[in-house]
Every structure is written in C-alpha cells, then in structure tokens.
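> Sharing a structure, written as structure tokens. Questions coming.
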Amino acid sequence: MKATVDPDACISCELCVEICPEVFEMDDESGKAVAKVNPVPADAEESAQDSADQCPTEAIAIE
Ligand code: SF4
C-alpha cells in the first residue's frame, strides 16, 4: 500500500496525523500533510485507510 497527499487539496487540518501518525506528518515548509513512509507499514494500513476516508477534502490517495 502506498499513500500520497495532494498538497493542493490538503487544508492542513492535521486529522490524518492524529489518526495515523505512523504514516502522516505535517511538512514544516509547506504546512501540508505528507506521507513520511512508503510503502505503508502493514500494521498501519488500516489507520492510513481511515485517514484517507476521513480527510475532509479527500486529499489522500491510497494505492
Ligand atoms: S486530513 Fe486531509 S486535509 Fe487534513 S491534514 Fe490530512 S491530508 Fe490535509
């Protein structure tokens, strides 16, 4: 599983980081969320998917 964040769609609400800090973090420069590990570790797949499902702007793509 691979997670990517569309920086143009991200509104920096930090929800994905709260749900799945194993994968998502806020980028200091852009202020947007980024996926810091790819592929997503097996034990974080469920929470990464939850982040994608709950992102208010559907900025997270899971492949
Ligand atoms: S949940 Fe979506 S909008 Fe919020 S910080 Fe994460 S990627 Fe950005």
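So you can find residues: chains in the structure tokens are A, B, ... in the order shown, residues in each start at 1, and ligands are numbered from 1 in order.
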Could you find all residues in chain A that DSSP calls alpha helix (DSSP H) from the backbone, and write them as a ChimeraX atom specification?
/A:15-19,45-54
> Once you have the residues from the selection above, write them out as an mmCIF file, in the first residue's frame, restricted to N, CA and C atoms.

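Output below, filename part07.cif:
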```
data_model
loop_
_atom_site.group_PDB
_atom_site.id
_atom_site.type_symbol
_atom_site.label_atom_id
_atom_site.label_comp_id
_atom_site.auth_asym_id
_atom_site.auth_seq_id
_atom_site.Cartn_x
_atom_site.Cartn_y
_atom_site.Cartn_z
ATOM 1 N N LEU A 15 -5.947 16.099 10.759
ATOM 2 C CA LEU A 15 -6.703 14.921 11.162
ATOM 3 C C LEU A 15 -5.960 13.625 10.826
ATOM 4 N N CYS A 16 -5.361 13.584 9.652
ATOM 5 C CA CYS A 16 -4.655 12.351 9.257
ATOM 6 C C CYS A 16 -3.497 12.052 10.194
ATOM 7 N N VAL A 17 -2.840 13.103 10.683
ATOM 8 C CA VAL A 17 -1.716 12.901 11.608
ATOM 9 C C VAL A 17 -2.223 12.377 12.956
ATOM 10 N N GLU A 18 -3.402 12.854 13.369
ATOM 11 C CA GLU A 18 -3.991 12.356 14.610
ATOM 12 C C GLU A 18 -4.384 10.891 14.468
ATOM 13 N N ILE A 19 -4.947 10.528 13.325
ATOM 14 C CA ILE A 19 -5.428 9.157 13.119
ATOM 15 C C ILE A 19 -4.271 8.198 12.875
ATOM 16 N N GLU A 45 -1.731 0.017 7.923
ATOM 17 C CA GLU A 45 -2.580 0.121 6.725
ATOM 18 C C GLU A 45 -4.006 0.527 7.067
ATOM 19 N N GLU A 46 -4.534 -0.059 8.146
ATOM 20 C CA GLU A 46 -5.925 0.226 8.498
ATOM 21 C C GLU A 46 -6.099 1.701 8.874
ATOM 22 N N SER A 47 -5.192 2.221 9.692
ATOM 23 C CA SER A 47 -5.331 3.621 10.114
ATOM 24 C C SER A 47 -5.010 4.569 8.962
ATOM 25 N N ALA A 48 -4.122 4.166 8.060
ATOM 26 C CA ALA A 48 -3.856 5.007 6.887
ATOM 27 C C ALA A 48 -5.105 5.096 6.013
ATOM 28 N N GLN A 49 -5.781 3.978 5.867
ATOM 29 C CA GLN A 49 -7.027 3.980 5.089
ATOM 30 C C GLN A 49 -8.084 4.834 5.785
ATOM 31 N N ASP A 50 -8.147 4.742 7.127
ATOM 32 C CA ASP A 50 -9.087 5.581 7.886
ATOM 33 C C ASP A 50 -8.808 7.058 7.642
ATOM 34 N N SER A 51 -7.538 7.419 7.618
ATOM 35 C CA SER A 51 -7.171 8.811 7.356
ATOM 36 C C SER A 51 -7.678 9.249 5.992
ATOM 37 N N ALA A 52 -7.478 8.400 5.000
ATOM 38 C CA ALA A 52 -7.939 8.737 3.648
ATOM 39 C C ALA A 52 -9.460 8.880 3.626
ATOM 40 N N ASP A 53 -10.140 7.968 4.312
ATOM 41 C CA ASP A 53 -11.610 8.002 4.312
ATOM 42 C C ASP A 53 -12.144 9.246 5.014
ATOM 43 N N GLN A 54 -11.426 9.704 6.048
ATOM 44 C CA GLN A 54 -11.942 10.798 6.871
ATOM 45 C C GLN A 54 -11.387 12.170 6.505
#
```
> Which residues are close to Lys2 (chain A), i.e. within 9 Å by only C-alpha atoms, leaving aside same-chain residues fewer than 3 positions away? Reply as a PyMOL selection string.
chain A and resi 35+37-40+61-63
> Now that the selection is made, can you save its residues with C-alpha atoms as a PDB file, in the first residue's frame?

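Listing of result.pdb after writing:
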```pdb
ATOM      1  CA  ALA A  35       3.314  10.657   3.873  1.00  0.00           C
ATOM      2  CA  VAL A  37       6.871   6.294   4.916  1.00  0.00           C
ATOM      3  CA  ASN A  38       6.067   4.424   1.728  1.00  0.00           C
ATOM      4  CA  PRO A  39       5.081   1.746   1.369  1.00  0.00           C
ATOM      5  CA  VAL A  40       2.771   1.993   4.365  1.00  0.00           C
ATOM      6  CA  ALA A  61      -4.821   8.730  -2.210  1.00  0.00           C
ATOM      7  CA  ILE A  62      -4.223   5.110  -1.275  1.00  0.00           C
ATOM      8  CA  GLU A  63      -2.921   2.685  -3.886  1.00  0.00           C
TER       9      GLU A  63
END
```
> Please identify every residue of chain A that has at least one atom no farther than 9 Å from an atom of ligand 1, counting only C-alpha atoms and all ligand atoms, and for each give the shortest atom pair and the distance in Å to one decimal, arranged by chain then increasing number, as a tab-separated table.

```
residue	atom	partner	partner_atom_place_in_ligand_line	distance
A:Thr4	CA	ligand 1	7 (S)	8.7
A:Val5	CA	ligand 1	7 (S)	5.7
A:Asp6	CA	ligand 1	7 (S)	7.3
A:Pro7	CA	ligand 1	8 (Fe)	7.5
A:Ala9	CA	ligand 1	3 (S)	6.8
A:Cys10	CA	ligand 1	8 (Fe)	3.6
A:Ile11	CA	ligand 1	3 (S)	4.3
A:Ser12	CA	ligand 1	5 (S)	3.9
A:Cys13	CA	ligand 1	4 (Fe)	3.9
A:Glu14	CA	ligand 1	5 (S)	3.8
A:Leu15	CA	ligand 1	1 (S)	4.3
A:Cys16	CA	ligand 1	6 (Fe)	4.2
A:Val17	CA	ligand 1	6 (Fe)	6.4
A:Glu18	CA	ligand 1	1 (S)	8.7
A:Ile19	CA	ligand 1	1 (S)	8.7
A:Phe24	CA	ligand 1	6 (Fe)	7.5
A:Glu25	CA	ligand 1	5 (S)	8.4
A:Met26	CA	ligand 1	5 (S)	7.2
A:Gly31	CA	ligand 1	5 (S)	8.8
A:Lys32	CA	ligand 1	8 (Fe)	6.1
A:Ala33	CA	ligand 1	5 (S)	4.9
A:Val34	CA	ligand 1	7 (S)	7.4
A:Ser51	CA	ligand 1	1 (S)	6.3
A:Ala52	CA	ligand 1	1 (S)	7.2
A:Asp53	CA	ligand 1	1 (S)	8.9
A:Gln54	CA	ligand 1	1 (S)	6.7
A:Cys55	CA	ligand 1	1 (S)	3.8
A:Pro56	CA	ligand 1	3 (S)	5.8
A:Thr57	CA	ligand 1	3 (S)	5.5
A:Glu58	CA	ligand 1	2 (Fe)	6.2
A:Ala59	CA	ligand 1	7 (S)	5.0
A:Ile60	CA	ligand 1	7 (S)	5.5
```
> Now that the selection is made, can you save its residues with N, CA and C atoms as a CSV table (one decimal), in the first residue's frame?

```
chain,number,residue,atom,x,y,z
A,4,THR,N,-0.4,8.8,-0.7
A,4,THR,CA,0.1,10.1,-1.2
A,4,THR,C,-0.9,11.2,-0.8
A,5,VAL,N,-0.4,12.4,-0.5
A,5,VAL,CA,-1.2,13.5,-0.2
A,5,VAL,C,-1.1,14.6,-1.3
A,6,ASP,N,-2.3,15.0,-1.8
A,6,ASP,CA,-2.3,16.1,-2.8
A,6,ASP,C,-2.2,17.4,-2.0
A,7,PRO,N,-1.0,18.1,-2.1
A,7,PRO,CA,-0.9,19.3,-1.3
A,7,PRO,C,-1.8,20.4,-1.7
A,9,ALA,N,-4.9,20.0,-2.4
A,9,ALA,CA,-6.2,19.7,-1.8
A,9,ALA,C,-6.2,19.8,-0.2
A,10,CYS,N,-5.0,19.5,0.3
A,10,CYS,CA,-4.9,19.5,1.8
A,10,CYS,C,-5.1,20.9,2.4
A,11,ILE,N,-6.0,20.9,3.5
A,11,ILE,CA,-6.3,22.2,4.1
A,11,ILE,C,-5.6,22.2,5.5
A,12,SER,N,-4.6,21.3,5.8
A,12,SER,CA,-3.8,21.4,7.0
A,12,SER,C,-4.6,21.2,8.3
A,13,CYS,N,-5.6,20.4,8.2
A,13,CYS,CA,-6.5,20.2,9.4
A,13,CYS,C,-5.8,19.2,10.4
A,14,GLU,N,-4.8,18.5,10.0
A,14,GLU,CA,-4.0,17.6,10.8
A,14,GLU,C,-4.8,16.3,11.3
A,15,LEU,N,-5.9,16.1,10.8
A,15,LEU,CA,-6.7,14.9,11.2
A,15,LEU,C,-6.0,13.6,10.8
A,16,CYS,N,-5.4,13.6,9.7
A,16,CYS,CA,-4.7,12.4,9.3
A,16,CYS,C,-3.5,12.1,10.2
A,17,VAL,N,-2.8,13.1,10.7
A,17,VAL,CA,-1.7,12.9,11.6
A,17,VAL,C,-2.2,12.4,13.0
A,18,GLU,N,-3.4,12.9,13.4
A,18,GLU,CA,-4.0,12.4,14.6
A,18,GLU,C,-4.4,10.9,14.5
A,19,ILE,N,-4.9,10.5,13.3
A,19,ILE,CA,-5.4,9.2,13.1
A,19,ILE,C,-4.3,8.2,12.9
A,24,PHE,N,1.6,9.7,8.5
A,24,PHE,CA,1.4,11.1,8.1
A,24,PHE,C,2.1,12.1,9.1
A,25,GLU,N,2.7,13.1,8.5
A,25,GLU,CA,3.2,14.2,9.4
A,25,GLU,C,2.9,15.5,8.6
A,26,MET,N,3.0,16.6,9.4
A,26,MET,CA,2.9,17.9,8.7
A,26,MET,C,4.3,18.4,8.3
A,31,GLY,N,3.5,23.3,5.4
A,31,GLY,CA,2.4,23.3,6.3
A,31,GLY,C,1.3,22.3,5.9
A,32,LYS,N,1.6,21.5,4.9
A,32,LYS,CA,0.6,20.5,4.4
A,32,LYS,C,1.1,19.1,5.0
A,33,ALA,N,0.1,18.2,5.0
A,33,ALA,CA,0.4,16.8,5.4
A,33,ALA,C,1.2,16.1,4.3
A,34,VAL,N,2.1,15.2,4.7
A,34,VAL,CA,2.8,14.4,3.8
A,34,VAL,C,2.9,13.0,4.3
A,51,SER,N,-7.5,7.4,7.6
A,51,SER,CA,-7.2,8.8,7.4
A,51,SER,C,-7.7,9.2,6.0
A,52,ALA,N,-7.5,8.4,5.0
A,52,ALA,CA,-7.9,8.7,3.6
A,52,ALA,C,-9.5,8.9,3.6
A,53,ASP,N,-10.1,8.0,4.3
A,53,ASP,CA,-11.6,8.0,4.3
A,53,ASP,C,-12.1,9.2,5.0
A,54,GLN,N,-11.4,9.7,6.0
A,54,GLN,CA,-11.9,10.8,6.9
A,54,GLN,C,-11.4,12.2,6.5
A,55,CYS,N,-10.4,12.2,5.6
A,55,CYS,CA,-9.9,13.5,5.2
A,55,CYS,C,-11.0,14.3,4.6
A,56,PRO,N,-11.2,15.6,5.1
A,56,PRO,CA,-12.4,16.3,4.7
A,56,PRO,C,-12.3,16.8,3.2
A,57,THR,N,-11.1,16.8,2.7
A,57,THR,CA,-11.0,17.2,1.3
A,57,THR,C,-10.6,16.1,0.3
A,58,GLU,N,-10.6,14.9,0.9
A,58,GLU,CA,-10.2,13.7,0.0
A,58,GLU,C,-8.9,13.9,-0.6
A,59,ALA,N,-7.9,14.5,0.2
A,59,ALA,CA,-6.6,14.8,-0.4
A,59,ALA,C,-5.7,13.6,-0.4
A,60,ILE,N,-6.1,12.5,0.3
A,60,ILE,CA,-5.2,11.4,0.5
A,60,ILE,C,-5.6,10.3,-0.5
```
> So that I can check the secondary structure, give me every residue of chain A assigned strand (DSSP E or B) by backbone DSSP, as an mmCIF file with N, CA and C atoms, in the first residue's frame.

```
data_model
loop_
_atom_site.group_PDB
_atom_site.id
_atom_site.type_symbol
_atom_site.label_atom_id
_atom_site.label_comp_id
_atom_site.auth_asym_id
_atom_site.auth_seq_id
_atom_site.Cartn_x
_atom_site.Cartn_y
_atom_site.Cartn_z
ATOM 1 N N ALA A 3 0.656 5.592 0.148
ATOM 2 C CA ALA A 3 -0.192 6.735 0.474
ATOM 3 C C ALA A 3 0.445 8.004 -0.059
ATOM 4 N N THR A 4 -0.364 8.832 -0.701
ATOM 5 C CA THR A 4 0.128 10.127 -1.154
ATOM 6 C C THR A 4 -0.892 11.208 -0.799
ATOM 7 N N VAL A 5 -0.372 12.397 -0.518
ATOM 8 C CA VAL A 5 -1.228 13.542 -0.190
ATOM 9 C C VAL A 5 -1.119 14.564 -1.315
ATOM 10 N N PHE A 24 1.593 9.726 8.517
ATOM 11 C CA PHE A 24 1.437 11.122 8.102
ATOM 12 C C PHE A 24 2.092 12.085 9.084
ATOM 13 N N GLU A 25 2.661 13.143 8.541
ATOM 14 C CA GLU A 25 3.190 14.223 9.358
ATOM 15 C C GLU A 25 2.950 15.529 8.614
ATOM 16 N N MET A 26 3.048 16.633 9.370
ATOM 17 C CA MET A 26 2.886 17.939 8.734
ATOM 18 C C MET A 26 4.262 18.408 8.269
ATOM 19 N N ALA A 33 0.090 18.192 4.956
ATOM 20 C CA ALA A 33 0.405 16.824 5.362
ATOM 21 C C ALA A 33 1.214 16.128 4.270
ATOM 22 N N VAL A 34 2.101 15.248 4.709
ATOM 23 C CA VAL A 34 2.850 14.410 3.776
ATOM 24 C C VAL A 34 2.915 12.998 4.342
ATOM 25 N N ALA A 35 3.071 12.031 3.448
ATOM 26 C CA ALA A 35 3.314 10.657 3.873
ATOM 27 C C ALA A 35 4.816 10.499 4.053
ATOM 28 N N ILE A 60 -6.072 12.516 0.348
ATOM 29 C CA ILE A 60 -5.175 11.357 0.491
ATOM 30 C C ILE A 60 -5.572 10.260 -0.491
ATOM 31 N N ALA A 61 -4.597 9.842 -1.276
ATOM 32 C CA ALA A 61 -4.821 8.730 -2.210
ATOM 33 C C ALA A 61 -4.107 7.500 -1.664
ATOM 34 N N ILE A 62 -4.802 6.388 -1.691
ATOM 35 C CA ILE A 62 -4.223 5.110 -1.275
ATOM 36 C C ILE A 62 -4.195 4.182 -2.481
#
```
